[in-house]
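Trainee: Handing over my_file11.cif, mmCIF, C-alpha atoms and all ligand atoms.
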data_data
#
loop_
_atom_site.label_atom_id
_atom_site.label_comp_id
_atom_site.auth_asym_id
_atom_site.auth_seq_id
_atom_site.Cartn_x
_atom_site.Cartn_y
_atom_site.Cartn_z
CA MET A 1 -5.13 15.83 -4.00
CA THR A 2 -3.11 12.82 -5.08
CA THR A 3 -2.55 9.92 -2.70
CA THR A 4 0.75 8.05 -2.88
CA ILE A 5 1.10 4.32 -2.38
CA THR A 6 4.59 3.47 -1.12
CA ILE A 7 5.38 -0.18 -1.76
CA CYS A 8 8.19 -2.07 -0.06
CA ASP A 9 10.07 -3.75 -2.88
CA THR A 10 12.29 -5.87 -0.65
CA CYS A 11 9.60 -7.80 1.24
CA LYS A 12 9.91 -11.57 1.04
CA LEU A 13 7.19 -13.92 2.20
CA GLU A 14 8.01 -17.06 4.15
CA GLY A 15 9.51 -19.62 1.83
CA TRP A 16 10.89 -17.10 -0.65
CA ASP A 17 13.97 -18.61 -2.25
CA ALA A 18 16.57 -16.66 -4.20
CA ALA A 19 17.43 -19.81 -6.13
CA THR A 20 13.96 -20.06 -7.65
CA SER A 21 12.72 -16.44 -7.67
CA ASP A 22 14.08 -13.66 -9.84
CA GLN A 23 12.00 -11.05 -8.00
CA THR A 24 11.12 -10.43 -4.38
CA ASP A 25 7.47 -10.71 -3.36
CA GLY A 26 7.54 -6.94 -2.81
CA GLU A 27 8.70 -6.36 -6.38
CA ARG A 28 5.87 -8.56 -7.64
CA LEU A 29 3.28 -6.70 -5.55
CA ALA A 30 4.74 -3.36 -6.66
CA ALA A 31 4.35 -4.34 -10.31
CA ASP A 32 0.75 -5.45 -9.66
CA ILE A 33 -0.07 -2.16 -7.92
CA GLU A 34 1.62 -0.09 -10.63
CA ARG A 35 -0.47 -1.92 -13.22
CA ALA A 36 -3.69 -1.39 -11.23
CA ALA A 37 -2.93 2.32 -10.75
CA GLN A 38 -2.04 2.99 -14.37
CA GLY A 39 -4.12 5.88 -15.74
CA ASN A 40 -5.61 6.67 -12.31
CA PRO A 41 -5.13 10.45 -11.86
CA ASP A 42 -5.75 10.29 -8.09
CA VAL A 43 -3.04 7.78 -7.20
CA GLN A 44 0.74 7.76 -7.52
CA THR A 45 3.02 4.87 -6.68
CA ARG A 46 6.61 4.64 -5.58
CA ARG A 47 8.86 1.83 -4.46
CA HIS A 48 10.98 1.90 -1.32
CA SER A 49 13.32 -0.66 0.16
CA CYS A 50 12.14 -1.87 3.57
CA LEU A 51 9.42 -0.13 5.55
CA MET A 52 10.68 -1.97 8.68
CA GLY A 53 7.76 -4.33 8.86
CA CYS A 54 9.67 -7.27 7.41
CA SER A 55 8.04 -9.92 9.64
CA HIS A 56 4.58 -9.16 8.24
CA GLY A 57 5.18 -8.35 4.57
CA CYS A 58 4.30 -7.51 1.98
CA ASN A 59 3.96 -3.95 3.24
CA ILE A 60 2.67 -0.71 1.77
CA ALA A 61 1.81 2.79 3.02
CA ILE A 62 -0.96 5.15 1.90
CA GLN A 63 -0.02 8.82 2.25
CA ALA A 64 -1.03 12.34 1.23
CA ASP A 65 -0.21 15.81 2.52
CA GLY A 66 -2.44 16.84 5.41
CA LYS A 67 -4.11 13.43 5.67
CA LEU A 68 -3.88 10.36 7.86
CA THR A 69 -1.25 7.84 6.81
CA TYR A 70 -2.13 4.15 6.82
CA VAL A 71 0.41 1.34 6.88
CA MET A 72 -0.80 -2.07 5.76
CA GLY A 73 0.89 -5.45 5.59
CA ARG A 74 0.42 -9.20 5.19
CA PHE A 75 -0.36 -8.87 1.49
CA GLU A 76 0.41 -11.52 -1.06
CA PRO A 77 1.22 -10.31 -4.57
CA GLY A 78 -1.62 -10.54 -7.07
CA ALA A 79 -4.26 -8.54 -8.90
CA GLU A 80 -6.86 -8.88 -6.14
CA ALA A 81 -4.65 -7.28 -3.47
CA ALA A 82 -3.36 -4.66 -5.89
CA GLU A 83 -6.80 -3.60 -7.06
CA GLY A 84 -8.09 -3.37 -3.48
CA ILE A 85 -5.09 -1.24 -2.44
CA VAL A 86 -5.56 1.11 -5.41
CA GLU A 87 -9.30 1.36 -4.76
CA TYR A 88 -8.62 2.23 -1.11
CA ALA A 89 -6.00 4.82 -2.14
CA THR A 90 -8.47 6.38 -4.58
CA LYS A 91 -11.01 6.76 -1.77
CA HIS A 92 -8.27 8.15 0.49
CA ALA A 93 -7.52 10.75 -2.22
CA ALA A 94 -11.19 11.72 -2.40
CA SER A 95 -11.53 12.08 1.38
CA GLU A 96 -10.97 15.30 3.27
CA LYS A 97 -8.62 13.97 5.97
CA GLY A 98 -7.75 10.49 4.75
CA GLN A 99 -10.51 8.61 6.54
CA VAL A 100 -12.37 6.12 4.39
CA PRO A 101 -15.60 4.83 5.98
CA PHE A 102 -15.42 1.13 6.87
CA ARG A 103 -18.42 0.32 4.68
CA GLU A 104 -16.37 1.53 1.67
CA TRP A 105 -13.27 -0.54 2.38
CA PRO A 106 -12.47 -2.99 -0.40
CA GLN A 107 -12.53 -6.57 0.88
CA ALA A 108 -8.89 -7.00 -0.12
CA VAL A 109 -7.61 -4.50 2.49
CA LYS A 110 -9.66 -5.77 5.42
CA GLY A 111 -7.43 -7.34 8.06
CA HIS A 112 -4.30 -5.77 6.57
CA PHE A 113 -4.07 -2.54 8.56
CA VAL A 114 -0.92 -2.29 10.68
CA SER A 115 -1.03 1.32 11.87
CA ARG A 116 -2.59 4.72 11.34
CA ILE A 117 -0.37 7.77 11.69
CA PRO A 118 -1.89 11.21 12.28
CA THR A 119 -0.83 14.25 10.30
CA LEU A 120 1.78 16.52 11.82
CA PRO A 121 0.18 19.49 13.60
CA ASN A 122 1.53 22.01 11.10
CA ALA A 123 0.10 19.98 8.21
CA ASP A 124 -3.54 20.51 9.29
S1 LIG B 1 11.66 -5.86 3.63
FE1 LIG B 1 9.64 -5.05 3.39
S2 LIG B 1 9.36 -4.10 5.32
FE2 LIG B 1 11.39 -4.80 5.47
#
Show this structure as structure tokens.
Ligand code: FES

Mentor:
Amino acid sequence: MTTTITICDTCKLEGWDAATSDQTDGERLAADIERAAQGNPDVQTRRHSCLMGCSHGCNIAIQADGKLTYVMGRFEPGAEAAEGIVEYATKHAASEKGQVPFREWPQAVKGHFVSRIPTLPNAD
């Protein structure tokens, strides 16, 4: 089953300045994640404006039907974060219920978890 990475494309890190930036930090992270996920059959990406975690952006969510949802934040755009997020999503896709063992977590996602949301009862 495919796992979807939802990326907030309106997140702005402290110091972001419209006068000097033509993209938000969220747009930059989204582009990095889209690049890292290209050709990966287990992961889809989508952009969404504001996941309501604005004070601790950049934010993303990892979701799949019938599996635990994970919200993560405090990312800075860049290949390292993007590749770690895509690696984690690929492991989420391979898991039965969305749980990825800690020993398999990519370094880039450690310390970035904001919340874990259980599946709805009728989705089990
Ligand atoms: S702008 Fe990204 S969570 Fe609100």

Trainee: Please identify all protein, DNA and RNA residues within 9 Å of ligand LIG 1 (chain B), counting all atoms listed in the file, and report them as number ranges by chain.

Mentor: A: 7-12, 26, 48-60, 73

Trainee: For a test of reading the model, state the distance in Å between CA of Thr45 (chain A) and CA of Trp105 (chain A), rounded to one decimal.

Mentor: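 One can read the CA of Thr45 (chain A) to CA of Trp105 (chain A) distance as 19.4 Å.
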
Trainee: Using CA of Val109 (chain A) and CA of Thr6 (chain A) as the two end points, give the distance in Å to one decimal.

Mentor: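 Interatomic distance here is 15.0 Å.
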
Trainee: Let me make sure I understand: among A:Arg35, A:Asp22, A:Pro118, A:Ala61, which one has the smallest atom-to-atom distance to Arg47 (chain A) if we use only C-alpha atoms?

Mentor: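 Once distances to Arg47 (chain A) are computed over only C-alpha atoms, the minimum belongs to A:Ala61.
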
Trainee: CA of Lys67 (chain A) and CA of His112 (chain A), how far apart in Å?

Mentor: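 Computing it gives 19.2 Å between the two atoms.
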
Trainee: Could you check which of A:Pro106, A:Pro121, A:Gly15, A:Pro101 is closest to Ile85 (chain A), using all atoms listed in the file?

Mentor: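 Among the listed residues, A:Pro106 lies closest to Ile85 (chain A).
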
Trainee: Write out as a list in words each polymer residue whose atoms come within 8 Å of region 90-98 of chain A, counting only C-alpha atoms; drop sequence neighbours fewer than 2 positions from it.

Mentor: Met1, Thr2, Thr3, Asp42, Val43, Ala64, Gly66, Lys67, Leu68, Thr69, Val86, Glu87, Tyr88 and Val100 of chain A

Trainee: Taking all atoms listed in the file into account, which of A:Ile62, A:Glu76, A:Gln38, A:Ala30 comes nearest Glu14 (chain A)?

Mentor: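 Answer, going by the shortest atom-to-atom distance: A:Glu76.
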
Trainee: Would you save chain A from the block above with C-alpha atoms, as a CSV table (one decimal), in the first residue's frame?

Mentor:
chain,number,residue,atom,x,y,z
A,1,MET,CA,0.0,0.0,0.0
A,2,THR,CA,1.2,3.5,-0.9
A,3,THR,CA,2.1,6.0,1.9
A,4,THR,CA,1.4,9.6,1.2
A,5,ILE,CA,3.6,12.4,2.4
A,6,THR,CA,1.6,15.6,2.9
A,7,ILE,CA,3.9,18.7,2.9
A,8,CYS,CA,2.9,22.1,4.2
A,9,ASP,CA,3.9,24.5,1.4
A,10,THR,CA,3.2,27.6,3.4
A,11,CYS,CA,5.6,27.0,6.3
A,12,LYS,CA,8.1,29.8,6.9
A,13,LEU,CA,11.1,29.5,9.2
A,14,GLU,CA,12.1,32.3,11.5
A,15,GLY,CA,13.8,35.0,9.5
A,16,TRP,CA,12.0,34.2,6.2
A,17,ASP,CA,11.6,37.4,4.3
A,18,ALA,CA,9.3,37.9,1.3
A,19,ALA,CA,11.6,40.6,0.0
A,20,THR,CA,14.5,38.1,-0.5
A,21,SER,CA,12.7,34.8,-1.0
A,22,ASP,CA,10.7,33.8,-4.0
A,23,GLN,CA,9.5,30.6,-2.3
A,24,THR,CA,8.4,29.7,1.2
A,25,ASP,CA,10.5,27.2,3.2
A,26,GLY,CA,7.7,24.8,2.8
A,27,GLU,CA,7.7,25.1,-0.9
A,28,ARG,CA,11.5,24.4,-0.9
A,29,LEU,CA,11.1,21.4,1.3
A,30,ALA,CA,8.2,20.1,-0.8
A,31,ALA,CA,10.4,20.3,-4.0
A,32,ASP,CA,13.2,18.5,-2.2
A,33,ILE,CA,10.8,15.7,-1.0
A,34,GLU,CA,9.2,15.4,-4.5
A,35,ARG,CA,12.7,15.0,-6.0
A,36,ALA,CA,13.6,12.4,-3.4
A,37,ALA,CA,10.4,10.5,-3.9
A,38,GLN,CA,10.6,10.5,-7.7
A,39,GLY,CA,10.3,6.9,-9.1
A,40,ASN,CA,9.5,5.5,-5.7
A,41,PRO,CA,6.4,3.3,-6.2
A,42,ASP,CA,5.7,3.1,-2.5
A,43,VAL,CA,5.4,6.8,-1.8
A,44,GLN,CA,3.2,9.6,-3.1
A,45,THR,CA,3.5,13.3,-2.2
A,46,ARG,CA,1.0,16.1,-2.1
A,47,ARG,CA,1.2,19.7,-1.0
A,48,HIS,CA,-1.2,21.4,1.4
A,49,SER,CA,-1.4,24.9,2.7
A,50,CYS,CA,-0.9,25.0,6.5
A,51,LEU,CA,-1.1,21.9,8.7
A,52,MET,CA,-1.7,24.2,11.7
A,53,GLY,CA,1.7,23.7,13.2
A,54,CYS,CA,3.1,27.0,12.0
A,55,SER,CA,5.2,27.7,15.1
A,56,HIS,CA,7.3,24.6,14.5
A,57,GLY,CA,7.6,24.3,10.7
A,58,CYS,CA,8.5,23.0,8.3
A,59,ASN,CA,5.8,20.4,8.8
A,60,ILE,CA,4.8,17.2,7.0
A,61,ALA,CA,2.4,14.2,7.7
A,62,ILE,CA,2.9,10.6,6.8
A,63,GLN,CA,-0.4,8.8,6.1
A,64,ALA,CA,-1.9,5.6,4.6
A,65,ASP,CA,-5.3,3.9,4.9
A,66,GLY,CA,-5.6,1.7,7.9
A,67,LYS,CA,-2.2,2.8,9.4
A,68,LEU,CA,-1.0,5.2,12.0
A,69,THR,CA,-0.5,8.8,10.9
A,70,TYR,CA,2.7,10.6,12.0
A,71,VAL,CA,3.0,14.4,12.0
A,72,MET,CA,6.6,15.7,12.0
A,73,GLY,CA,7.9,19.3,12.1
A,74,ARG,CA,11.0,21.4,12.7
A,75,PHE,CA,12.5,20.5,9.4
A,76,GLU,CA,14.8,22.7,7.4
A,77,PRO,CA,14.6,22.3,3.6
A,78,GLY,CA,17.4,20.3,2.0
A,79,ALA,CA,18.2,16.9,0.5
A,80,GLU,CA,19.2,15.4,3.9
A,81,ALA,CA,15.8,16.0,5.5
A,82,ALA,CA,13.9,15.1,2.3
A,83,GLU,CA,15.7,11.8,1.8
A,84,GLY,CA,15.2,10.8,5.5
A,85,ILE,CA,11.4,11.6,5.2
A,86,VAL,CA,11.1,9.6,2.0
A,87,GLU,CA,13.0,6.7,3.6
A,88,TYR,CA,10.8,6.8,6.6
A,89,ALA,CA,7.7,6.9,4.4
A,90,THR,CA,8.9,3.9,2.4
A,91,LYS,CA,9.3,1.9,5.6
A,92,HIS,CA,5.8,3.1,6.7
A,93,ALA,CA,4.5,1.8,3.4
A,94,ALA,CA,6.1,-1.6,4.0
A,95,SER,CA,4.8,-1.9,7.6
A,96,GLU,CA,1.6,-3.6,8.5
A,97,LYS,CA,0.1,-0.9,10.7
A,98,GLY,CA,2.4,2.1,10.1
A,99,GLN,CA,4.9,1.4,12.9
A,100,VAL,CA,8.5,1.6,11.9
A,101,PRO,CA,10.9,0.2,14.5
A,102,PHE,CA,13.1,2.9,16.1
A,103,ARG,CA,16.3,1.1,15.0
A,104,GLU,CA,15.2,1.7,11.4
A,105,TRP,CA,14.4,5.4,11.7
A,106,PRO,CA,16.6,7.5,9.5
A,107,GLN,CA,18.7,9.9,11.5
A,108,ALA,CA,17.1,12.9,9.7
A,109,VAL,CA,13.6,12.2,11.2
A,110,LYS,CA,14.8,11.7,14.8
A,111,GLY,CA,13.6,14.5,17.0
A,112,HIS,CA,11.1,15.7,14.5
A,113,PHE,CA,8.0,13.8,15.6
A,114,VAL,CA,5.1,16.0,16.7
A,115,SER,CA,2.3,13.5,17.1
A,116,ARG,CA,1.0,10.1,16.2
A,117,ILE,CA,-2.6,9.7,15.3
A,118,PRO,CA,-4.3,6.2,15.5
A,119,THR,CA,-6.4,4.9,12.7
A,120,LEU,CA,-10.2,5.3,12.9
A,121,PRO,CA,-11.9,2.2,14.3
A,122,ASN,CA,-13.6,1.4,11.1
A,123,ALA,CA,-10.3,1.6,9.2
A,124,ASP,CA,-8.8,-1.4,11.0
